[in-house]
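Note: the block below is work.cif and it holds mmCIF, C-alpha atoms.
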```cif
data_query
loop_
_atom_site.label_atom_id
_atom_site.label_comp_id
_atom_site.auth_asym_id
_atom_site.auth_seq_id
_atom_site.Cartn_x
_atom_site.Cartn_y
_atom_site.Cartn_z
CA SER A 391 12.89 -22.94 -13.68
CA GLU A 392 9.20 -22.41 -14.24
CA HIS A 393 8.59 -26.15 -13.78
CA ASP A 394 10.27 -26.10 -10.34
CA ARG A 395 8.28 -23.02 -9.37
CA GLN A 396 5.04 -24.75 -10.32
CA ARG A 397 5.96 -27.85 -8.31
CA ARG A 398 6.68 -25.73 -5.23
CA LEU A 399 3.39 -23.88 -5.60
CA ASP A 400 1.49 -27.13 -6.04
CA ARG A 401 2.71 -28.36 -2.64
CA HIS A 402 1.05 -25.48 -0.79
CA GLU A 403 -2.47 -24.36 -0.13
CA ALA A 404 -3.32 -20.97 -1.58
CA ALA A 405 -2.89 -18.11 0.86
CA THR A 406 -4.92 -14.95 1.21
CA ALA A 407 -2.94 -11.73 0.90
CA ILE A 408 -4.31 -8.38 2.01
CA VAL A 409 -2.55 -5.47 0.32
CA VAL A 410 -3.11 -1.97 1.67
CA GLY A 411 -2.78 0.77 -0.92
CA SER A 412 -3.02 0.71 -4.70
CA GLY A 413 0.00 2.75 -5.66
CA LEU A 414 2.94 1.24 -7.51
CA ALA A 415 4.11 -0.76 -4.49
CA GLY A 416 0.65 -2.05 -3.59
CA MET A 417 -0.30 -3.05 -7.11
CA SER A 418 3.09 -4.72 -7.62
CA ALA A 419 2.63 -6.69 -4.40
CA ALA A 420 -0.89 -7.69 -5.42
CA ILE A 421 0.28 -8.91 -8.84
CA GLU A 422 3.18 -10.90 -7.37
CA ALA A 423 0.92 -12.47 -4.72
CA ALA A 424 -1.66 -13.43 -7.34
CA ASP A 425 1.13 -14.96 -9.45
CA ALA A 426 1.95 -17.13 -6.44
CA ARG A 427 -1.70 -18.27 -6.45
CA ALA A 428 -2.79 -16.20 -3.48
CA LYS A 429 -6.30 -14.83 -3.21
CA VAL A 430 -5.64 -11.09 -3.10
CA VAL A 431 -7.67 -8.41 -1.38
CA LEU A 432 -6.50 -4.94 -2.42
CA LEU A 433 -7.64 -2.13 -0.12
CA GLU A 434 -7.59 1.52 -1.16
CA LYS A 435 -8.97 4.47 0.82
CA GLU A 436 -9.38 6.73 -2.21
CA PRO A 437 -12.12 6.36 -4.83
CA LYS A 438 -9.50 5.73 -7.55
CA THR A 439 -6.46 3.49 -7.65
CA GLY A 440 -2.90 4.72 -8.14
CA GLY A 441 -2.18 6.63 -4.95
CA ASN A 442 0.64 9.15 -5.07
CA SER A 443 2.40 6.99 -7.65
CA ALA A 444 -0.20 8.03 -10.24
CA LYS A 445 0.80 11.66 -9.72
CA ALA A 446 4.52 11.11 -10.35
CA THR A 447 5.80 12.89 -13.43
CA SER A 448 9.59 12.73 -13.54
CA GLY A 449 10.15 9.00 -14.12
CA ILE A 450 11.61 5.94 -12.42
CA ASN A 451 15.31 5.76 -11.63
CA GLY A 452 17.45 2.73 -12.24
CA TRP A 453 20.95 1.76 -13.31
CA GLY A 454 22.21 -1.19 -15.34
CA THR A 455 18.99 -1.37 -17.35
CA ASP A 456 18.52 -2.63 -20.88
CA THR A 457 17.36 0.87 -21.84
CA GLN A 458 20.68 2.32 -20.70
CA ALA A 459 22.55 -0.40 -22.61
CA GLU A 460 20.51 0.17 -25.78
CA LEU A 461 21.18 3.92 -25.62
CA GLY A 462 24.87 3.53 -24.76
CA VAL A 463 24.59 5.10 -21.30
CA ALA A 464 27.39 4.15 -18.91
CA ASP A 465 26.30 4.03 -15.29
CA GLU A 466 27.51 2.26 -12.19
CA GLU A 467 26.06 0.93 -8.97
CA ARG A 468 28.41 3.04 -6.85
CA LEU A 469 27.37 6.22 -8.72
CA PHE A 470 23.66 5.46 -8.35
CA GLU A 471 24.14 4.82 -4.63
CA ARG A 472 26.31 7.90 -4.13
CA ASP A 473 23.83 10.16 -5.94
CA THR A 474 20.87 8.69 -4.07
CA PHE A 475 22.62 8.90 -0.70
CA ARG A 476 23.58 12.54 -1.31
CA SER A 477 19.99 13.43 -2.15
CA GLY A 478 18.87 12.42 1.35
CA LYS A 479 17.84 15.17 3.69
CA ASN A 480 19.98 16.10 6.70
CA ALA A 481 22.26 13.07 6.25
CA ARG A 482 19.50 10.76 7.51
CA THR A 483 19.61 8.48 4.50
CA ASP A 484 19.58 4.79 5.42
CA PHE A 485 22.38 3.24 3.38
CA SER A 486 20.84 -0.24 3.54
CA LEU A 487 17.68 1.11 1.86
CA VAL A 488 19.74 2.93 -0.77
CA ARG A 489 21.60 -0.34 -1.44
CA THR A 490 18.32 -2.25 -1.79
CA LEU A 491 16.93 0.39 -4.16
CA SER A 492 20.12 0.24 -6.20
CA SER A 493 20.35 -3.54 -6.40
CA LYS A 494 16.68 -3.97 -7.37
CA SER A 495 16.24 -0.98 -9.70
CA ALA A 496 17.11 -2.69 -13.00
CA ASP A 497 14.90 -5.69 -12.18
CA ALA A 498 11.98 -3.39 -11.33
CA ILE A 499 12.29 -1.50 -14.60
CA HIS A 500 12.65 -4.76 -16.53
CA TRP A 501 9.48 -6.10 -14.85
CA LEU A 502 7.51 -2.99 -15.80
CA LYS A 503 8.84 -2.92 -19.38
CA HIS A 504 8.85 -6.56 -20.34
CA ARG A 505 6.15 -8.10 -18.20
CA HIS A 506 3.65 -5.25 -18.34
CA GLY A 507 4.60 -3.36 -21.48
CA VAL A 508 5.32 0.02 -19.89
CA PRO A 509 7.47 1.76 -22.52
CA LEU A 510 10.32 3.00 -20.31
CA THR A 511 12.51 3.74 -23.32
CA VAL A 512 13.47 7.40 -22.84
CA LEU A 513 16.25 8.42 -20.45
CA SER A 514 16.84 11.75 -18.74
CA GLN A 515 19.56 12.99 -16.44
CA LEU A 516 17.88 14.91 -13.66
CA GLY A 517 19.42 17.10 -10.98
CA GLY A 518 21.83 15.31 -8.69
CA HIS A 519 22.37 12.40 -11.08
CA SER A 520 25.74 11.66 -12.61
CA ALA A 521 24.22 9.68 -15.51
CA LYS A 522 21.02 9.40 -17.53
CA ARG A 523 18.97 7.00 -15.39
CA THR A 524 15.47 8.45 -15.09
CA HIS A 525 13.32 6.19 -17.27
CA ARG A 526 10.29 7.68 -18.98
CA ALA A 527 7.85 6.86 -21.72
CA PRO A 528 8.25 8.51 -25.13
CA PRO A 529 6.03 11.52 -25.82
CA VAL A 530 2.68 10.94 -27.51
CA ASP A 531 1.70 13.50 -30.17
CA GLY A 532 4.61 15.66 -28.96
CA ARG A 533 3.32 15.75 -25.39
CA PRO A 534 5.02 14.14 -22.38
CA VAL A 535 3.35 11.06 -20.94
CA PRO A 536 2.55 11.35 -17.21
CA ILE A 537 4.65 8.33 -16.30
CA GLY A 538 3.18 7.67 -12.86
CA TRP A 539 -0.31 7.51 -14.34
CA LYS A 540 0.96 5.34 -17.23
CA ILE A 541 2.57 2.81 -14.86
CA THR A 542 -0.32 2.61 -12.40
CA SER A 543 -3.01 2.44 -15.08
CA THR A 544 -1.09 -0.32 -16.86
CA LEU A 545 -0.78 -2.34 -13.62
CA LYS A 546 -4.46 -1.71 -12.86
CA ASP A 547 -5.34 -3.21 -16.25
CA THR A 548 -3.34 -6.31 -15.27
CA ILE A 549 -5.19 -6.57 -11.96
CA ASP A 550 -8.60 -6.04 -13.56
CA VAL A 551 -8.12 -8.95 -15.96
#
```
Could you rewrite the structure in this file as structure tokens?
Amino acid sequence: SEHDRQRRLDRHEAATAIVVGSGLAGMSAAIEAADARAKVVLLEKEPKTGGNSAKATSGINGWGTDTQAELGVADEERLFERDTFRSGKNARTDFSLVRTLSSKSADAIHWLKHRHGVPLTVLSQLGGHSAKRTHRAPPVDGRPVPIGWKITSTLKDTIDV
């Protein structure tokens, strides 16, 4: 519960977290560390935040999401893992990493949608996928939203607060 979390945090001195990189992973780590009352130093080598994540255009993949449920899309963990494993180059895909990606994908999309308001409400089925699982934002004025930029700019707004 939130009460138990607060009690645990109250028993510890605040840490300092140094996060290298301000792409999706770096900003997510910085937000989570700050939520745990850490003083966060976010380092970025480029003049702007977002890293390569800001350039992503296809979407974010996940299975078992509320978006899939709302749109009646049937998907399964084993299919997500099979499709992801097959997309690896030269059979060098690390199954444990595929499994982690699979087991955390719905939570990650939920966090972006419900905690940060990223509208990941449109689904697409891209090459190599056996179900619609690429989450995107709806078009604005008939034009596609660059989803990587949308996600990283939204997280940056959270960090800047």
*For the file shown, report as a list in words the outcome of the PyMOL selection byres ((chain A and resi 474) around 9) at residue level.*
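What the PyMOL selection byres ((chain A and resi 474) around 9) grabs from the file is Leu469, Phe470, Glu471, Arg472, Asp473, Phe475, Arg476, Ser477, Gly478, Thr483, Val488, Ser492, Gly518 and His519 of chain A.
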*Name all residues at most 9 Å from A:Asp497 (count all atoms listed in the file; drop same-chain ones fewer than 4 positions away) and give them as a list of chain:residue names.*
A:Gly452, A:Thr455, A:Ser493, A:Trp501, A:Leu502
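Here the PyMOL selection byres ((chain A and resi 531-541) around 7) captures the residues A:Ser443, A:Ala444, A:Lys445, A:Ala446, A:Thr447, A:Gly449, A:Val508, A:Arg526, A:Ala527, A:Pro528, A:Pro529, A:Val530, A:Thr542, A:Ser543, A:Thr544, A:Leu545.
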Write a file of the just-selected residues containing C-alpha atoms, as a CSV table (one decimal), in the frame of the given file.
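New file again_13.csv:
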```csv
chain,number,residue,atom,x,y,z
A,443,SER,CA,2.4,7.0,-7.6
A,444,ALA,CA,-0.2,8.0,-10.2
A,445,LYS,CA,0.8,11.7,-9.7
A,446,ALA,CA,4.5,11.1,-10.4
A,447,THR,CA,5.8,12.9,-13.4
A,449,GLY,CA,10.2,9.0,-14.1
A,508,VAL,CA,5.3,0.0,-19.9
A,526,ARG,CA,10.3,7.7,-19.0
A,527,ALA,CA,7.8,6.9,-21.7
A,528,PRO,CA,8.2,8.5,-25.1
A,529,PRO,CA,6.0,11.5,-25.8
A,530,VAL,CA,2.7,10.9,-27.5
A,542,THR,CA,-0.3,2.6,-12.4
A,543,SER,CA,-3.0,2.4,-15.1
A,544,THR,CA,-1.1,-0.3,-16.9
A,545,LEU,CA,-0.8,-2.3,-13.6
```
_Using only C-alpha atoms - which residues lie no farther than 10 Å from the point (15.5, 6.7, -20.0) in the file's frame? Write them as a count of residues only._
25
_Please enumerate the residues selected by the PyMOL selection byres ((chain A and resi 411-413) around 8) when evaluated against the supplied file, formatted as a PyMOL selection string._
chain A and resi 409-410+414-417+432-435+439-444+542
C-alpha atoms of the current selection, written as a short mmCIF file (atom, residue, chain, number, x, y, z; two decimals), in the frame of the given file:
```
data_model
loop_
_atom_site.label_atom_id
_atom_site.label_comp_id
_atom_site.auth_asym_id
_atom_site.auth_seq_id
_atom_site.Cartn_x
_atom_site.Cartn_y
_atom_site.Cartn_z
CA VAL A 409 -2.55 -5.47 0.32
CA VAL A 410 -3.11 -1.97 1.67
CA LEU A 414 2.94 1.24 -7.51
CA ALA A 415 4.11 -0.76 -4.49
CA GLY A 416 0.65 -2.05 -3.59
CA MET A 417 -0.30 -3.05 -7.11
CA LEU A 432 -6.50 -4.94 -2.42
CA LEU A 433 -7.64 -2.13 -0.12
CA GLU A 434 -7.59 1.52 -1.16
CA LYS A 435 -8.97 4.47 0.82
CA THR A 439 -6.46 3.49 -7.65
CA GLY A 440 -2.90 4.72 -8.14
CA GLY A 441 -2.18 6.63 -4.95
CA ASN A 442 0.64 9.15 -5.07
CA SER A 443 2.40 6.99 -7.65
CA ALA A 444 -0.20 8.03 -10.24
CA THR A 542 -0.32 2.61 -12.40
#
```
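The space separating atom CA of A:Arg401 from atom CA of A:Ala428 comes to 13.4 Å.
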*Separation of atom CA of A:Glu436 from atom CA of A:Ser418 in Å*: 17.8 Å
Mind giving me the axis-aligned box for stretch 393-406 of chain A with 6 Å on every side, centre plus edges in Å to one decimal, as AutoDock Vina command-line options?
```
--center_x 2.7 --center_y -21.7 --center_z -6.3 --size_x 27.2 --size_y 25.4 --size_z 27.0
```
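Coordinates place atom CA of A:Ala423 at a distance of 13.2 Å from atom CA of A:Glu403.
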*Looking at only C-alpha atoms, which of A:Gly454, A:Lys438, A:Arg482, A:Arg395 is the one that sits closest to A:Ala498?*
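Of the candidates, the smallest distance to A:Ala498 is held by A:Gly454.
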